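Everything below concerns the one structure shown next.
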Amino acid sequence: AGSAWAAAAFAARVLASSLAVAGPAVLGVPSAFRLDAPTTHDVLATTRVAAVAHLLVVLVAHALSSGRASSRSPPYAREHAGLVVATARAVSALTMGTAAWFVAVACFGVSATGKPRETAHLAALLASLTLVPGAVRHGAPLDDAAAKKWGVLVTAARGVDDEPSSSSSSKAKKKTAVQTPFPRRLREFEPADLLWVLGGWGASLGAWCGAMVIPLDWDRPWQKWPIPCVAGAVVGFGVGGVAAVACVFFFAASPTPRISARKKTQ
């Protein structure tokens, strides 16, 4: 029952994140800071609102989960930053991530000087979707420990390199598995990290796929930069969120023995 409730709470979080990202584009946002201001669907206005709204949802979810960190959490996820630290991490990740994504998008052939405002808005949205959740939970990957943690999580546990050698006994393998602080498969991920990794990859791939329709000679208004990439990022993030919810419910319905932090190594 506890796992089912946890899965349902996680589904509610994914829904809130998806609404925060897609809601501004679907419903529009106020065109000015007035109560009687008409709504607008301008891509720049909706994109910046979506980026900030997702950041706020991440912080609220982090604050609500602050009391649930316990010995049942895997070793890599036991450290829980306070709200002030988490907010500083989120703002820093959004700021520096926007600059990093701006450079990355420019490297893919987009003119950094032709439409810098449009590119910056897309970069801010991608930073909010791909970097902010990880920074809030685990800090920036600026030291070896944090970089290792990010590497393991972002690569879906492909970055674990402390496997025992083939000549080790089964007892040694079991002991090594207990001692490792990192998850070795998606089943061992915390739900929040599943949403971050799958949603972030979905947003990145969605933005990349959206760019494919821009050079086509259809002459449609929605082909204007960066509308297809923003739409692709939003859809990709939603698909990643659905995949994360599916994983959580599947893992809850078919539990298997997992490494417990309460086990003592001899």
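Identifiers in the structure tokens: chain A, B, ... in order shown; residue index from 1 per chain; ligand index from 1 in order shown.
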
Determine, counting only C-alpha atoms, which protein, DNA and RNA residues have an atom within 10 Å of an atom of Ala11 (chain A); residues of the same chain fewer than 2 positions away are not included. Present the result as a JSON list (two decimals) with N, CA, C and O atoms, in the first residue's frame.
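Saved as around04.json:
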[["chain", "number", "residue", "atom", "x", "y", "z"],
["A", 5, "TRP", "N", 0.84, 4.28, -2.78],
["A", 5, "TRP", "CA", 0.64, 5.69, -2.47],
["A", 5, "TRP", "C", 1.82, 6.53, -2.95],
["A", 5, "TRP", "O", 1.64, 7.64, -3.47],
["A", 6, "ALA", "N", 3.02, 6.01, -2.79],
["A", 6, "ALA", "CA", 4.20, 6.73, -3.25],
["A", 6, "ALA", "C", 4.17, 6.88, -4.77],
["A", 6, "ALA", "O", 4.51, 7.94, -5.31],
["A", 7, "ALA", "N", 3.75, 5.83, -5.47],
["A", 7, "ALA", "CA", 3.65, 5.91, -6.92],
["A", 7, "ALA", "C", 2.59, 6.90, -7.35],
["A", 7, "ALA", "O", 2.77, 7.66, -8.31],
["A", 8, "ALA", "N", 1.45, 6.93, -6.63],
["A", 8, "ALA", "CA", 0.40, 7.89, -6.96],
["A", 8, "ALA", "C", 0.86, 9.33, -6.71],
["A", 8, "ALA", "O", 0.57, 10.23, -7.50],
["A", 9, "ALA", "N", 1.58, 9.54, -5.61],
["A", 9, "ALA", "CA", 2.11, 10.88, -5.32],
["A", 9, "ALA", "C", 3.10, 11.30, -6.39],
["A", 9, "ALA", "O", 3.13, 12.47, -6.81],
["A", 13, "ARG", "N", 3.05, 14.48, -9.07],
["A", 13, "ARG", "CA", 4.17, 15.39, -9.30],
["A", 13, "ARG", "C", 4.47, 15.50, -10.80],
["A", 13, "ARG", "O", 4.72, 16.60, -11.30],
["A", 14, "VAL", "N", 4.47, 14.38, -11.48],
["A", 14, "VAL", "CA", 4.73, 14.41, -12.92],
["A", 14, "VAL", "C", 3.65, 15.22, -13.63],
["A", 14, "VAL", "O", 3.94, 16.01, -14.55],
["A", 15, "LEU", "N", 2.39, 15.05, -13.22],
["A", 15, "LEU", "CA", 1.30, 15.82, -13.82],
["A", 15, "LEU", "C", 1.50, 17.31, -13.59],
["A", 15, "LEU", "O", 1.32, 18.13, -14.50],
["A", 16, "ALA", "N", 1.90, 17.69, -12.36],
["A", 16, "ALA", "CA", 2.13, 19.10, -12.06],
["A", 16, "ALA", "C", 3.27, 19.65, -12.91],
["A", 16, "ALA", "O", 3.18, 20.77, -13.44],
["A", 17, "SER", "N", 4.34, 18.87, -13.07],
["A", 17, "SER", "CA", 5.46, 19.33, -13.89],
["A", 17, "SER", "C", 5.05, 19.49, -15.34],
["A", 17, "SER", "O", 5.41, 20.48, -16.00],
["A", 191, "PRO", "N", 12.34, 7.79, -7.57],
["A", 191, "PRO", "CA", 11.37, 8.28, -8.56],
["A", 191, "PRO", "C", 11.69, 9.67, -9.08],
["A", 191, "PRO", "O", 11.54, 9.94, -10.28],
["A", 195, "LEU", "N", 12.28, 10.84, -13.07],
["A", 195, "LEU", "CA", 11.65, 11.95, -13.79],
["A", 195, "LEU", "C", 12.70, 12.88, -14.36],
["A", 195, "LEU", "O", 12.58, 13.34, -15.50],
["A", 241, "GLY", "N", 8.13, 11.97, -18.83],
["A", 241, "GLY", "CA", 7.40, 11.88, -17.58],
["A", 241, "GLY", "C", 6.47, 10.68, -17.54],
["A", 241, "GLY", "O", 6.37, 9.99, -16.52],
["A", 242, "VAL", "N", 5.78, 10.42, -18.66],
["A", 242, "VAL", "CA", 4.91, 9.24, -18.74],
["A", 242, "VAL", "C", 5.73, 7.97, -18.57],
["A", 242, "VAL", "O", 5.33, 7.02, -17.87],
["A", 244, "ALA", "N", 8.53, 7.69, -16.94],
["A", 244, "ALA", "CA", 8.94, 7.61, -15.54],
["A", 244, "ALA", "C", 7.82, 7.06, -14.67],
["A", 244, "ALA", "O", 8.05, 6.22, -13.79],
["A", 245, "VAL", "N", 6.59, 7.54, -14.89],
["A", 245, "VAL", "CA", 5.45, 7.04, -14.12],
["A", 245, "VAL", "C", 5.24, 5.56, -14.39],
["A", 245, "VAL", "O", 4.99, 4.76, -13.47],
["A", 246, "ALA", "N", 5.34, 5.16, -15.67],
["A", 246, "ALA", "CA", 5.18, 3.75, -16.01],
["A", 246, "ALA", "C", 6.23, 2.89, -15.31],
["A", 246, "ALA", "O", 5.92, 1.80, -14.80],
["A", 248, "VAL", "N", 7.79, 3.58, -12.46],
["A", 248, "VAL", "CA", 7.52, 3.55, -11.02],
["A", 248, "VAL", "C", 6.41, 2.57, -10.70],
["A", 248, "VAL", "O", 6.50, 1.75, -9.77],
["A", 249, "PHE", "N", 5.30, 2.61, -11.47],
["A", 249, "PHE", "CA", 4.19, 1.70, -11.22],
["A", 249, "PHE", "C", 4.58, 0.26, -11.52],
["A", 249, "PHE", "O", 4.19, -0.67, -10.83]]

**OP:** Show which residues sit within 12 Å of Val52 (chain A), as a list of chain:residue names. Count only C-alpha atoms, and ignore same-chain residues fewer than 2 positions away.
**Re:**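 Counting only C-alpha atoms, the residues come to A:Ser17, A:Ala20, A:Val21, A:Pro24, A:Ala45, A:Thr46, A:Thr47, A:Arg48, A:Val49, A:Ala50, A:His54, A:Leu55, A:Leu56, A:Val57, A:Val58, A:Leu59, A:Ala90, A:Val91, A:Leu94, A:Thr95, A:His121, A:Ala124, A:Leu125, A:Leu126, A:Ala127, A:Ser128, A:Leu129, A:Val132.
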
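Here CA of Val230 (chain A) stands at a distance of 26.2 Å from CA of Arg34 (chain A).
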
**OP:** Fewer than 4 positions away in the same chain doesn't count, so skip those; otherwise give me all residues within 10 Å of Thr40 (chain A), counting only C-alpha atoms, as a list in words.
**Re:**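 The neighbour list is Pro24, Ala25, Leu27, Gly28, Val29, Pro30, Ser31, Ala32, Ala45 and Thr46 of chain A.
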
**OP:** Please return as a PyMOL selection string: the residues of region 67-147 of chain A that backbone DSSP assigns to alpha helix (DSSP H).
**Re:** chain A and resi 83-107+116-130+132-138+144-147

Expected file contents, prior selection, N, CA and C atoms, as a short mmCIF file (atom, residue, chain, number, x, y, z; two decimals), in the first residue's frame:
data_model
loop_
_atom_site.label_atom_id
_atom_site.label_comp_id
_atom_site.auth_asym_id
_atom_site.auth_seq_id
_atom_site.Cartn_x
_atom_site.Cartn_y
_atom_site.Cartn_z
N LEU A 83 15.67 24.33 1.78
CA LEU A 83 15.00 25.09 0.73
C LEU A 83 15.86 26.25 0.23
N VAL A 84 16.57 26.90 1.13
CA VAL A 84 17.41 28.03 0.71
C VAL A 84 18.53 27.55 -0.21
N VAL A 85 19.19 26.48 0.19
CA VAL A 85 20.26 25.92 -0.64
C VAL A 85 19.70 25.41 -1.96
N ALA A 86 18.55 24.74 -1.90
CA ALA A 86 17.94 24.22 -3.12
C ALA A 86 17.57 25.35 -4.08
N THR A 87 17.05 26.45 -3.54
CA THR A 87 16.70 27.59 -4.38
C THR A 87 17.94 28.18 -5.04
N ALA A 88 19.01 28.31 -4.27
CA ALA A 88 20.26 28.83 -4.84
C ALA A 88 20.78 27.90 -5.93
N ARG A 89 20.69 26.61 -5.69
CA ARG A 89 21.11 25.65 -6.71
C ARG A 89 20.26 25.78 -7.97
N ALA A 90 18.96 25.93 -7.80
CA ALA A 90 18.06 26.01 -8.95
C ALA A 90 18.35 27.25 -9.79
N VAL A 91 18.50 28.39 -9.14
CA VAL A 91 18.77 29.63 -9.87
C VAL A 91 20.12 29.56 -10.57
N SER A 92 21.12 29.00 -9.88
CA SER A 92 22.44 28.87 -10.50
C SER A 92 22.40 27.93 -11.69
N ALA A 93 21.68 26.81 -11.55
CA ALA A 93 21.58 25.87 -12.66
C ALA A 93 20.85 26.48 -13.84
N LEU A 94 19.80 27.27 -13.57
CA LEU A 94 19.06 27.91 -14.65
C LEU A 94 19.94 28.94 -15.36
N THR A 95 20.70 29.70 -14.59
CA THR A 95 21.55 30.75 -15.18
C THR A 95 22.70 30.15 -15.98
N MET A 96 23.48 29.30 -15.33
CA MET A 96 24.63 28.72 -16.03
C MET A 96 24.20 27.72 -17.09
N GLY A 97 23.10 27.01 -16.83
CA GLY A 97 22.60 26.07 -17.82
C GLY A 97 22.11 26.75 -19.07
N THR A 98 21.51 27.94 -18.91
CA THR A 98 21.07 28.69 -20.08
C THR A 98 22.26 29.06 -20.96
N ALA A 99 23.34 29.51 -20.32
CA ALA A 99 24.55 29.83 -21.10
C ALA A 99 25.12 28.59 -21.78
N ALA A 100 25.14 27.47 -21.06
CA ALA A 100 25.69 26.24 -21.64
C ALA A 100 24.83 25.74 -22.80
N TRP A 101 23.52 25.76 -22.63
CA TRP A 101 22.64 25.31 -23.71
C TRP A 101 22.68 26.28 -24.89
N PHE A 102 22.87 27.57 -24.63
CA PHE A 102 22.99 28.54 -25.72
C PHE A 102 24.18 28.19 -26.60
N VAL A 103 25.30 27.89 -25.97
CA VAL A 103 26.50 27.51 -26.72
C VAL A 103 26.27 26.19 -27.45
N ALA A 104 25.61 25.23 -26.78
CA ALA A 104 25.36 23.93 -27.41
C ALA A 104 24.46 24.07 -28.63
N VAL A 105 23.41 24.87 -28.51
CA VAL A 105 22.51 25.08 -29.65
C VAL A 105 23.24 25.77 -30.79
N ALA A 106 24.09 26.75 -30.45
CA ALA A 106 24.87 27.44 -31.48
C ALA A 106 25.81 26.48 -32.19
N CYS A 107 26.35 25.51 -31.45
CA CYS A 107 27.26 24.53 -32.06
C CYS A 107 26.56 23.63 -33.05
N PRO A 116 19.34 35.98 -31.09
CA PRO A 116 19.84 35.61 -29.75
C PRO A 116 18.73 35.50 -28.71
N ARG A 117 17.70 36.36 -28.78
CA ARG A 117 16.62 36.30 -27.79
C ARG A 117 15.87 34.98 -27.89
N GLU A 118 15.55 34.56 -29.10
CA GLU A 118 14.84 33.31 -29.30
C GLU A 118 15.67 32.12 -28.83
N THR A 119 16.97 32.14 -29.18
CA THR A 119 17.85 31.05 -28.77
C THR A 119 18.01 31.02 -27.26
N ALA A 120 18.11 32.17 -26.63
CA ALA A 120 18.26 32.24 -25.18
C ALA A 120 17.02 31.69 -24.47
N HIS A 121 15.84 31.96 -25.00
CA HIS A 121 14.61 31.44 -24.38
C HIS A 121 14.55 29.92 -24.49
N LEU A 122 14.92 29.39 -25.65
CA LEU A 122 14.96 27.93 -25.79
C LEU A 122 15.99 27.34 -24.83
N ALA A 123 17.15 27.97 -24.73
CA ALA A 123 18.19 27.48 -23.83
C ALA A 123 17.72 27.50 -22.38
N ALA A 124 16.98 28.53 -21.98
CA ALA A 124 16.48 28.61 -20.61
C ALA A 124 15.49 27.48 -20.34
N LEU A 125 14.62 27.19 -21.29
CA LEU A 125 13.67 26.10 -21.10
C LEU A 125 14.39 24.77 -20.96
N LEU A 126 15.37 24.52 -21.83
CA LEU A 126 16.12 23.26 -21.75
C LEU A 126 16.91 23.16 -20.45
N ALA A 127 17.47 24.27 -20.00
CA ALA A 127 18.18 24.25 -18.73
C ALA A 127 17.24 23.92 -17.58
N SER A 128 16.05 24.49 -17.61
CA SER A 128 15.08 24.22 -16.55
C SER A 128 14.66 22.76 -16.54
N LEU A 129 14.49 22.17 -17.71
CA LEU A 129 14.00 20.79 -17.80
C LEU A 129 15.10 19.76 -17.56
N THR A 130 16.32 20.06 -17.95
CA THR A 130 17.37 19.04 -17.91
C THR A 130 18.35 19.19 -16.75
N VAL A 132 18.03 21.75 -13.82
CA VAL A 132 17.53 22.23 -12.53
C VAL A 132 17.16 21.09 -11.58
N PRO A 133 16.42 20.06 -12.02
CA PRO A 133 16.07 18.99 -11.06
C PRO A 133 17.30 18.29 -10.48
N GLY A 134 18.29 18.02 -11.30
CA GLY A 134 19.49 17.37 -10.80
C GLY A 134 20.28 18.25 -9.85
N ALA A 135 20.37 19.54 -10.16
CA ALA A 135 21.10 20.46 -9.30
C ALA A 135 20.43 20.61 -7.95
N VAL A 136 19.10 20.67 -7.94
CA VAL A 136 18.37 20.80 -6.68
C VAL A 136 18.58 19.58 -5.80
N ARG A 137 18.57 18.41 -6.38
CA ARG A 137 18.68 17.18 -5.59
C ARG A 137 20.12 16.84 -5.22
N HIS A 138 21.06 17.07 -6.13
CA HIS A 138 22.41 16.54 -5.94
C HIS A 138 23.51 17.59 -6.01
N ASP A 144 34.47 15.82 -7.73
CA ASP A 144 34.53 14.44 -8.21
C ASP A 144 33.31 13.62 -7.78
N ALA A 145 32.89 13.78 -6.52
CA ALA A 145 31.76 13.00 -6.02
C ALA A 145 30.47 13.35 -6.75
N ALA A 146 30.20 14.66 -6.88
CA ALA A 146 28.98 15.07 -7.58
C ALA A 146 29.03 14.72 -9.05
N ALA A 147 30.20 14.87 -9.66
CA ALA A 147 30.33 14.53 -11.08
C ALA A 147 30.10 13.04 -11.30
#

Original post:
What does the distance between CA of Asp219 (chain A) and CA of Ala207 (chain A) come to in Å, to one decimal place?
Top reply: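 A separation of 19.6 Å between them.
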
Original post:
Which residues, written as a list in words, have at least one atom at most 12 Å from Pro215 (chain A), with only C-alpha atoms counted and residues fewer than 4 positions away on the same chain left out?
Top reply: Val110, Gly210, Ala211, Asp219, Arg220, Trp222, Gln223, Lys224, Trp225, Pro226 and Pro228 of chain A

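Between CA of Ala233 (chain A) and CA of Trp150 (chain A) there is a distance of 21.1 Å.
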